[in-house]
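Chemist: First the structure, then my questions, so here it is.
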Amino acid sequence: MLRFLIVLLIGLAVLGWVSSRIVSNLTNDWFQRDMASRAQLAVNGARSALVEHWNDADTDQIRQSLTALAHDERILGAAACKHNGDVIAATHDFSPQISLVEIAAANQPSGANTAGVQPSGHVVSLAGGRVFVTAIPITADDSSALGFIVLVNDMAYIDRREEEVHKLILIAFIVLACAASLMTIIATRVVRQGWTAEIRRFLRGGSHRREFQPIVKDLRNLVARISTERSMEDQNGAWTPARLKQTLAQYLHGEKILVLANREPYVHDRVPGGAIKVLHPASGLVTAIEPVMRACGGTWIAHGSGGADRETADRNGRLRVPPGEESYTLRRVWLTPQQEKGYYYGFANEGLWPLCHIAHARPVFRTEDWEHYQHVNQMFADAVVEESDTDDPIILIQDYHFAVAPRMIRESLPKATIITFWHIPWPNSERFGICPWSQELLEGILGSSIIGFHTQLHCNNFIDSIDRFLEARIDREQFAVIQQQRSTLVRAYPISVEWPNHWVDAVPPVAECRQSVLEELHLKPNALIGVGIDRLDYTKGVEERLWGVERLLERFPEFCGRFTFVQLAAPSRTVIERYRQLNDSVEQLADRINNRVGDGEYRPVILLRSHHEPPTVFRYLRAANLCYVSSLHDGMNLVAKEFIAARDDERGVLILSHFTGASRELTEALIVNPYDLEEVSDALAAALYMRSDEQAERMRSMRALVAEYNIYRWAGRMLIDAATLRARERSRRSARRRAHYERLHR
């Protein structure tokens, strides 16, 4: 209310000032025209005598006539002059500051005579104040021009009247402002009291006004959600594996979860010598989902891609994981090389991946790839149905590899609660229309009960795509899509990482990590270390990252010889030509920078291009002075949150691209545009110069956020929403059965 009143008063004050200026200009214009007209009338009355004396060159008589004209108290002086400005006669009080030459030049007639020439005037500022000077042409009987009579009018009385008008307008607007403010306060209080009373009556059941129903519905939903959250609070109020299990038991009666993802959490491969080694894929999806499965149990259905995967699974492709803990089941699905090429490398990663990322790669769509994609989606959908031990299971489908699987699963399990989470950005509707099978993809994904994205922007883009390409009803109040009497909710669930992170416990303290990294890389004890950890993917901005490091060393030579940037880069999708080109270009760029800026011992860029297990990744994160995440377009980017989870010493600086979803949450990071090398180099220098107390303050804030909004909270929110939707659907089915039974027995 106070802000509104302040804005209202300021608005009225501005309006009053503008009105005052308009009135002042109009008043000035009126007075000036009046003075010009009066001057014309005065000269017309004395014109005959003036012409007669002018012809006789009788200056004394002309002066007397001028003195008679200046007898009016508002006329300060008068003068007669020729066309060239020479003075013929003037009153004794005519100001010498007034240039008759300039006045004559400004009022020259366009023809030989001055017939029909109107008197002109203008304001002149003198030492004593403003005056209005009017020049009236004098013509002979034959209409030939003789010269001008110049009258000087006093404007002091006009200034006094303007001041009085300003005061009156100011008083009027002050009264108006006070009246408007008072009326606004009274009206607001009356309306607010009326609405409050009506809402209270509505909540008590005593009112049925339709306009309040949407508000009360939202209010009840909010209260229910807050009550749900509070009822689940444990002693510390934190989301933990135990709390997630409790959520599953309370809302979903302990049912197991089926996860469908292309990438498996554990890969069995052979190493030289024939031994089988367990590898952890370099995947943000696995980083996020695997702790949830360890907490909740269930079955993870994925593509068996490891060289020893078949040997370590039973004849149905199943095995218990993690090794030694065995808290859930991994079900592997086998693909032929042709299926993997068309479904994974073709449609998913040459088509959908560049379509959804603004990273300057042209999407490629082939009919044969689309056919493989559909067939493989059906294979995985069948595997989900096989692994389900109930007709209404809870299924979490992960990412763009399975866009049409939800519809296929829905056809076999119509009662299933299907949550599809899209881990990458969803493009705007115009860009999405590039895909030749955009309608089929949307129809497939709408088989889900809930569709989740990292950010609200991606939710909005998805809704816009539905609106453009499908005939479906969009409920923008509930943010849902209704098709064939079935509703699909669209929600933003910003994904996170495990907290506390069990990999942090598996690595040494920060000091030991730093010492081991310095020894591995043969760096000096006082070296400054920057780190980047990514798959080698063109969306991650690895080239832009290294260019930023080069620009830092060009602009801040004090870091040459001391700062080293270490890029841990896991090769990815090298079957695709664009990725092979990226591998080569990154290696060439690192060599060029090292040759240009480095010397025999000093390498400003160290490229470690191989797969790195989580203990190694976290060791480097704990050893670094800064971590730079330079994604050109990313759904979330969990490396940023892993860096925060790794820094229990509250040191280190995160530099984060504002094209990541994480930048919307981690605002204490140094947010940069990775394309702007000047801004990036400034941020790198700021990070290296940053005091330890500022580092601690920033890191403490980000760690508190990641701790509260961890992966268990992410999963818990989705499962609670799924349970609410599940209960609603069961109630509707029960109501339909009762109605059907009643119709049969009437």
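We label chains A, B, ... in the order they appear in the structure tokens, count residues from 1 in each chain, and number ligands from 1 in the order shown.
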Considering only C-alpha atoms, return as a list in words whatever protein or nucleic-acid residues lie within 10 Å of A:Val586, sequence-local ones (same chain, fewer than 5 positions apart) excluded.
Modeler: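 Listed by chain and then number, they are Leu536, Val542, Glu543, Glu544, Leu546, Ala569, Gln581, Asp591, Arg592, Leu607 and Arg609 of chain A.
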Chemist: Please produce an output containing N, CA and C atoms for each residue in the selection, written as a short mmCIF file (atom, residue, chain, number, x, y, z; two decimals), in the first residue's frame.
Modeler:
```cif
data_model
loop_
_atom_site.label_atom_id
_atom_site.label_comp_id
_atom_site.auth_asym_id
_atom_site.auth_seq_id
_atom_site.Cartn_x
_atom_site.Cartn_y
_atom_site.Cartn_z
N LEU A 536 33.73 -35.21 -23.67
CA LEU A 536 34.13 -34.37 -24.80
C LEU A 536 32.93 -34.22 -25.72
N VAL A 542 34.23 -26.83 -24.35
CA VAL A 542 35.62 -27.08 -23.94
C VAL A 542 36.58 -26.17 -24.70
N GLU A 543 36.33 -25.97 -26.00
CA GLU A 543 37.20 -25.09 -26.78
C GLU A 543 37.12 -23.65 -26.25
N GLU A 544 35.91 -23.19 -26.01
CA GLU A 544 35.74 -21.84 -25.47
C GLU A 544 36.42 -21.70 -24.11
N LEU A 546 39.18 -23.30 -23.09
CA LEU A 546 40.63 -23.18 -23.27
C LEU A 546 41.00 -21.82 -23.86
N ALA A 569 38.78 -34.97 -19.64
CA ALA A 569 37.85 -35.09 -20.75
C ALA A 569 37.67 -36.55 -21.12
N GLN A 581 35.88 -34.80 -34.72
CA GLN A 581 36.46 -33.49 -35.02
C GLN A 581 36.75 -32.71 -33.73
N ASP A 591 47.67 -28.01 -27.51
CA ASP A 591 49.07 -27.97 -27.94
C ASP A 591 49.47 -26.57 -28.37
N ARG A 592 48.60 -25.88 -29.09
CA ARG A 592 48.92 -24.53 -29.55
C ARG A 592 49.12 -23.58 -28.37
N LEU A 607 45.71 -31.66 -20.74
CA LEU A 607 44.53 -32.37 -21.23
C LEU A 607 44.65 -33.85 -20.89
N ARG A 609 42.78 -36.87 -21.48
CA ARG A 609 41.68 -37.35 -22.30
C ARG A 609 41.50 -38.86 -22.14
#
```
Chemist: If you take only C-alpha atoms and a cut-off of 8 Å, which residues of stretch 697-723 of chain A touch stretch 486-501 of chain A, and what are their nearest atom pairs and distances in Å to one decimal, in chain and number order, as JSON lines?
Modeler:
```
{"residue": "A:Val706", "atom": "CA", "partner": "A:Ser496", "partner_atom": "CA", "distance": 7.1}
{"residue": "A:Ala707", "atom": "CA", "partner": "A:Trp499", "partner_atom": "CA", "distance": 5.8}
{"residue": "A:Tyr709", "atom": "CA", "partner": "A:Ser496", "partner_atom": "CA", "distance": 6.8}
{"residue": "A:Asn710", "atom": "CA", "partner": "A:Ser496", "partner_atom": "CA", "distance": 5.1}
{"residue": "A:Ile711", "atom": "CA", "partner": "A:Ser496", "partner_atom": "CA", "distance": 4.8}
{"residue": "A:Tyr712", "atom": "CA", "partner": "A:Glu498", "partner_atom": "CA", "distance": 7.1}
{"residue": "A:Trp714", "atom": "CA", "partner": "A:Ile495", "partner_atom": "CA", "distance": 5.9}
{"residue": "A:Arg717", "atom": "CA", "partner": "A:Tyr493", "partner_atom": "CA", "distance": 7.9}
{"residue": "A:Met718", "atom": "CA", "partner": "A:Tyr493", "partner_atom": "CA", "distance": 7.6}
```
Chemist: What is the distance, in Å and to one decimal place, between atom CA of A:Ala57 and atom CA of A:Ile88?
Modeler: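 One can read the atom CA of A:Ala57 to atom CA of A:Ile88 distance as 8.5 Å.
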Chemist: Find the spatial neighbours of stretch 664-666 of chain A, counting only C-alpha atoms, within a cut-off of 10 Å - ignore same-chain residues fewer than 2 positions away - and output them as JSON, numbers by chain.
Modeler: {"A": [455, 494, 636, 640, 641, 644, 654, 656, 658, 659, 660, 661, 662, 668, 669, 670, 671, 698, 699, 701, 702, 703, 705, 706, 709]}
Chemist: Go ahead and save the picked residues with N, CA, C and O atoms, as an mmCIF file, in the first residue's frame.
Modeler:
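Saved result, selection_20.cif, follows:
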```
data_model
loop_
_atom_site.group_PDB
_atom_site.id
_atom_site.type_symbol
_atom_site.label_atom_id
_atom_site.label_comp_id
_atom_site.auth_asym_id
_atom_site.auth_seq_id
_atom_site.Cartn_x
_atom_site.Cartn_y
_atom_site.Cartn_z
ATOM 1 N N THR A 455 14.044 -26.722 -15.664
ATOM 2 C CA THR A 455 13.676 -25.319 -15.462
ATOM 3 C C THR A 455 12.266 -25.063 -15.975
ATOM 4 O O THR A 455 11.747 -25.794 -16.828
ATOM 5 N N PRO A 494 14.284 -29.191 -10.560
ATOM 6 C CA PRO A 494 15.739 -29.003 -10.724
ATOM 7 C C PRO A 494 16.504 -30.145 -10.061
ATOM 8 O O PRO A 494 16.402 -30.360 -8.855
ATOM 9 N N MET A 636 21.114 -28.831 -16.731
ATOM 10 C CA MET A 636 21.482 -28.464 -15.373
ATOM 11 C C MET A 636 22.986 -28.321 -15.248
ATOM 12 O O MET A 636 23.492 -27.273 -14.950
ATOM 13 N N ALA A 640 28.979 -28.798 -11.605
ATOM 14 C CA ALA A 640 29.012 -27.605 -10.743
ATOM 15 C C ALA A 640 28.614 -27.962 -9.320
ATOM 16 O O ALA A 640 29.247 -27.527 -8.343
ATOM 17 N N LYS A 641 27.571 -28.789 -9.167
ATOM 18 C CA LYS A 641 27.119 -29.160 -7.833
ATOM 19 C C LYS A 641 28.061 -30.190 -7.198
ATOM 20 O O LYS A 641 28.219 -30.207 -5.968
ATOM 21 N N ILE A 644 30.842 -28.288 -5.558
ATOM 22 C CA ILE A 644 30.411 -27.732 -4.268
ATOM 23 C C ILE A 644 30.363 -28.823 -3.206
ATOM 24 O O ILE A 644 30.800 -28.624 -2.063
ATOM 25 N N LEU A 654 33.774 -21.333 -8.006
ATOM 26 C CA LEU A 654 33.050 -21.907 -9.144
ATOM 27 C C LEU A 654 32.776 -20.808 -10.156
ATOM 28 O O LEU A 654 32.182 -19.786 -9.835
ATOM 29 N N LEU A 656 30.778 -20.293 -13.645
ATOM 30 C CA LEU A 656 29.652 -21.040 -14.208
ATOM 31 C C LEU A 656 29.036 -20.286 -15.384
ATOM 32 O O LEU A 656 28.744 -19.098 -15.293
ATOM 33 N N HIS A 658 26.234 -18.978 -17.791
ATOM 34 C CA HIS A 658 24.833 -18.658 -17.512
ATOM 35 C C HIS A 658 23.884 -19.378 -18.470
ATOM 36 O O HIS A 658 22.674 -19.207 -18.391
ATOM 37 N N PHE A 659 24.436 -20.238 -19.342
ATOM 38 C CA PHE A 659 23.601 -21.075 -20.202
ATOM 39 C C PHE A 659 23.313 -22.425 -19.561
ATOM 40 O O PHE A 659 22.774 -23.318 -20.215
ATOM 41 N N THR A 660 23.661 -22.604 -18.308
ATOM 42 C CA THR A 660 23.354 -23.836 -17.584
ATOM 43 C C THR A 660 22.144 -23.619 -16.689
ATOM 44 O O THR A 660 21.887 -22.499 -16.224
ATOM 45 N N GLY A 661 21.417 -24.712 -16.426
ATOM 46 C CA GLY A 661 20.323 -24.617 -15.469
ATOM 47 C C GLY A 661 20.830 -24.311 -14.076
ATOM 48 O O GLY A 661 20.150 -23.648 -13.282
ATOM 49 N N ALA A 662 22.043 -24.785 -13.758
ATOM 50 C CA ALA A 662 22.607 -24.579 -12.421
ATOM 51 C C ALA A 662 22.821 -23.102 -12.104
ATOM 52 O O ALA A 662 22.808 -22.709 -10.934
ATOM 53 N N GLU A 668 25.881 -17.560 -6.240
ATOM 54 C CA GLU A 668 27.133 -17.080 -5.633
ATOM 55 C C GLU A 668 28.352 -17.476 -6.456
ATOM 56 O O GLU A 668 29.476 -17.080 -6.140
ATOM 57 N N ALA A 669 28.150 -18.280 -7.498
ATOM 58 C CA ALA A 669 29.238 -18.556 -8.431
ATOM 59 C C ALA A 669 29.517 -17.302 -9.259
ATOM 60 O O ALA A 669 28.718 -16.361 -9.286
ATOM 61 N N LEU A 670 30.659 -17.282 -9.944
ATOM 62 C CA LEU A 670 30.946 -16.209 -10.886
ATOM 63 C C LEU A 670 30.296 -16.599 -12.209
ATOM 64 O O LEU A 670 30.762 -17.498 -12.903
ATOM 65 N N ILE A 671 29.200 -15.938 -12.558
ATOM 66 C CA ILE A 671 28.418 -16.300 -13.732
ATOM 67 C C ILE A 671 28.969 -15.555 -14.951
ATOM 68 O O ILE A 671 29.142 -14.332 -14.907
ATOM 69 N N ARG A 698 31.026 -17.495 -0.122
ATOM 70 C CA ARG A 698 30.305 -17.955 -1.309
ATOM 71 C C ARG A 698 30.060 -19.460 -1.258
ATOM 72 O O ARG A 698 28.947 -19.936 -1.522
ATOM 73 N N MET A 699 31.098 -20.215 -0.916
ATOM 74 C CA MET A 699 30.976 -21.669 -0.902
ATOM 75 C C MET A 699 30.010 -22.132 0.182
ATOM 76 O O MET A 699 29.233 -23.073 -0.016
ATOM 77 N N SER A 701 27.374 -20.600 1.288
ATOM 78 C CA SER A 701 26.009 -20.364 0.822
ATOM 79 C C SER A 701 25.587 -21.418 -0.196
ATOM 80 O O SER A 701 24.474 -21.958 -0.133
ATOM 81 N N MET A 702 26.470 -21.738 -1.146
ATOM 82 C CA MET A 702 26.121 -22.719 -2.176
ATOM 83 C C MET A 702 26.016 -24.125 -1.592
ATOM 84 O O MET A 702 25.160 -24.918 -2.003
ATOM 85 N N ARG A 703 26.855 -24.442 -0.630
ATOM 86 C CA ARG A 703 26.786 -25.767 -0.006
ATOM 87 C C ARG A 703 25.478 -25.929 0.772
ATOM 88 O O ARG A 703 24.878 -27.012 0.776
ATOM 89 N N LEU A 705 22.654 -24.555 -0.015
ATOM 90 C CA LEU A 705 21.590 -24.758 -0.992
ATOM 91 C C LEU A 705 21.610 -26.183 -1.539
ATOM 92 O O LEU A 705 20.566 -26.836 -1.632
ATOM 93 N N VAL A 706 22.789 -26.682 -1.910
ATOM 94 C CA VAL A 706 22.878 -28.040 -2.469
ATOM 95 C C VAL A 706 22.518 -29.076 -1.408
ATOM 96 O O VAL A 706 21.904 -30.105 -1.711
ATOM 97 N N TYR A 709 18.598 -28.812 -1.202
ATOM 98 C CA TYR A 709 17.946 -29.251 -2.442
ATOM 99 C C TYR A 709 18.807 -30.331 -3.102
ATOM 100 O O TYR A 709 19.352 -30.137 -4.183
#
```
Chemist: What's the separation between atom CA of A:Ala308 and atom CA of A:Val286, in Å to one decimal place?
Modeler: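 Separation of atom CA of A:Ala308 and atom CA of A:Val286: 19.4 Å.
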Chemist: At a cut-off of 12 Å, using only C-alpha atoms, what residues contact stretch 555-563 of chain A? Leave out same-chain residues fewer than 4 positions from it and give the result as a ChimeraX atom specification.
Modeler: /A:518,523-531,548-551,593-594,596-606,624-626,677-689
Chemist: Would you please give, as a ChimeraX atom specification, all residues of stretch 222-314 of chain A that DSSP assigns to helix (DSSP H, G or I) based on the backbone?
Modeler: /A:222-231,241-252,284-296,309-312
Chemist: If you keep C-alpha atoms, can you produce a file of those selected residues as a PDB file, in the first residue's frame?
Modeler:
```
ATOM      1  CA  LEU A 222      -0.647 -24.962  -1.286  1.00  0.00           C
ATOM      2  CA  VAL A 223      -1.715 -25.717   2.282  1.00  0.00           C
ATOM      3  CA  ALA A 224      -1.810 -29.430   1.481  1.00  0.00           C
ATOM      4  CA  ARG A 225       1.669 -29.318  -0.022  1.00  0.00           C
ATOM      5  CA  ILE A 226       3.091 -27.404   2.941  1.00  0.00           C
ATOM      6  CA  SER A 227       1.418 -29.834   5.342  1.00  0.00           C
ATOM      7  CA  THR A 228       2.885 -32.746   3.409  1.00  0.00           C
ATOM      8  CA  GLU A 229       6.356 -31.256   3.522  1.00  0.00           C
ATOM      9  CA  ARG A 230       6.113 -30.510   7.256  1.00  0.00           C
ATOM     10  CA  SER A 231       4.737 -33.921   8.109  1.00  0.00           C
ATOM     11  CA  PRO A 241      18.081 -41.780   1.999  1.00  0.00           C
ATOM     12  CA  ALA A 242      16.128 -42.718   5.130  1.00  0.00           C
ATOM     13  CA  ARG A 243      13.629 -39.932   4.573  1.00  0.00           C
ATOM     14  CA  LEU A 244      13.222 -40.925   0.923  1.00  0.00           C
ATOM     15  CA  LYS A 245      12.492 -44.508   1.995  1.00  0.00           C
ATOM     16  CA  GLN A 246       9.995 -43.171   4.521  1.00  0.00           C
ATOM     17  CA  THR A 247       8.322 -41.120   1.782  1.00  0.00           C
ATOM     18  CA  LEU A 248       8.085 -44.184  -0.430  1.00  0.00           C
ATOM     19  CA  ALA A 249       6.610 -46.231   2.406  1.00  0.00           C
ATOM     20  CA  GLN A 250       4.093 -43.579   3.449  1.00  0.00           C
ATOM     21  CA  TYR A 251       2.850 -42.425   0.074  1.00  0.00           C
ATOM     22  CA  LEU A 252       3.505 -45.379  -2.196  1.00  0.00           C
ATOM     23  CA  GLY A 284      25.201 -36.747 -14.887  1.00  0.00           C
ATOM     24  CA  LEU A 285      22.125 -38.933 -15.165  1.00  0.00           C
ATOM     25  CA  VAL A 286      23.861 -41.828 -13.407  1.00  0.00           C
ATOM     26  CA  THR A 287      25.304 -39.455 -10.821  1.00  0.00           C
ATOM     27  CA  ALA A 288      21.795 -38.281  -9.966  1.00  0.00           C
ATOM     28  CA  ILE A 289      19.661 -41.433 -10.213  1.00  0.00           C
ATOM     29  CA  GLU A 290      21.991 -44.061  -8.734  1.00  0.00           C
ATOM     30  CA  PRO A 291      21.807 -42.755  -5.120  1.00  0.00           C
ATOM     31  CA  VAL A 292      18.004 -42.755  -5.381  1.00  0.00           C
ATOM     32  CA  MET A 293      17.973 -46.394  -6.449  1.00  0.00           C
ATOM     33  CA  ARG A 294      20.336 -47.342  -3.627  1.00  0.00           C
ATOM     34  CA  ALA A 295      17.933 -45.668  -1.210  1.00  0.00           C
ATOM     35  CA  CYS A 296      14.640 -46.959  -2.631  1.00  0.00           C
ATOM     36  CA  ASP A 309      28.217 -57.310 -19.259  1.00  0.00           C
ATOM     37  CA  ARG A 310      26.760 -60.583 -20.561  1.00  0.00           C
ATOM     38  CA  GLU A 311      29.167 -62.653 -18.488  1.00  0.00           C
ATOM     39  CA  THR A 312      28.273 -60.891 -15.232  1.00  0.00           C
TER      40      THR A 312
END
```
Chemist: Rounded to one decimal in Å, what is the spacing between atom CA of A:Ile186 and atom CA of A:Lys167?
Modeler: 28.6 Å
Chemist: If you run DSSP on this backbone, which residues of stretch 142-357 of chain A come out as strand (DSSP E or B), and could you give them as a PyMOL selection string?
Modeler: chain A and resi 144-154+257-260+267-270+276-279+298-303+318-321+328-333
Chemist: For A:Leu355, which residue among A:Pro414, A:Asp392, A:Ser65, A:Pro436 is the nearest when counting only C-alpha atoms?
Modeler: A:Pro436
Chemist: Taking only C-alpha atoms into account, name the residue in A:Asp369, A:Ala403, A:His357, A:Arg362 that is nearest to A:Gly342.
Modeler: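 Using only C-alpha atoms, A:Gly342 sits closest to A:Asp369.
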Chemist: What's around stretch 276-278 of chain A at 7 Å? Count only C-alpha atoms, leave out sequence neighbours fewer than 2 positions away in its own chain, and write the answer as a PyMOL selection string.
Modeler: chain A and resi 266-271+274+280+308
Chemist: Could you give me, as an MDAnalysis selection string, the residues within 8 Å of A:Val384, counting only C-alpha atoms and dropping anything in the same chain fewer than 2 positions from it?
Modeler: chainID A and resid 258 260 301 380:382 386:388 409
Chemist: Identify, on the basis of only C-alpha atoms, every residue whose closest approach to A:Ser630 does not exceed 7 Å; exclude the query and any residue fewer than 2 positions from it along the same chain; express the result as an NGL selection string.
Modeler: :A and (540-542 or 545 or 628 or 632 or 656-657 or 674)
Chemist: Go ahead and dump the residues you just picked, N, CA, C and O atoms, as a CSV table (one decimal), in the first residue's frame.
Modeler:
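Contents of the output file selection-v1.csv:
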```csv
chain,number,residue,atom,x,y,z
A,540,LYS,N,29.6,-28.7,-24.3
A,540,LYS,CA,30.2,-28.4,-23.0
A,540,LYS,C,31.1,-27.1,-23.1
A,540,LYS,O,31.6,-26.7,-22.1
A,541,GLY,N,31.4,-26.7,-24.3
A,541,GLY,CA,32.2,-25.5,-24.5
A,541,GLY,C,33.6,-25.6,-24.1
A,541,GLY,O,34.3,-24.7,-23.5
A,542,VAL,N,34.2,-26.8,-24.3
A,542,VAL,CA,35.6,-27.1,-23.9
A,542,VAL,C,36.6,-26.2,-24.7
A,542,VAL,O,37.5,-25.6,-24.1
A,545,ARG,N,36.4,-22.8,-23.3
A,545,ARG,CA,37.1,-22.8,-22.0
A,545,ARG,C,38.6,-22.6,-22.2
A,545,ARG,O,39.2,-21.8,-21.4
A,628,TYR,N,35.8,-24.5,-13.6
A,628,TYR,CA,35.1,-23.7,-14.7
A,628,TYR,C,34.2,-24.6,-15.5
A,628,TYR,O,34.7,-25.5,-16.1
A,632,LEU,N,27.8,-24.4,-23.3
A,632,LEU,CA,27.1,-23.5,-24.3
A,632,LEU,C,25.6,-23.6,-24.2
A,632,LEU,O,24.9,-22.7,-24.5
A,656,LEU,N,30.8,-20.3,-13.6
A,656,LEU,CA,29.7,-21.0,-14.2
A,656,LEU,C,29.0,-20.3,-15.4
A,656,LEU,O,28.7,-19.1,-15.3
A,657,SER,N,28.8,-21.0,-16.5
A,657,SER,CA,28.2,-20.4,-17.7
A,657,SER,C,26.7,-20.1,-17.3
A,657,SER,O,26.0,-20.9,-16.7
A,674,PRO,N,30.3,-17.8,-21.8
A,674,PRO,CA,31.5,-18.4,-22.2
A,674,PRO,C,32.0,-18.0,-23.6
A,674,PRO,O,33.2,-18.2,-23.9
```
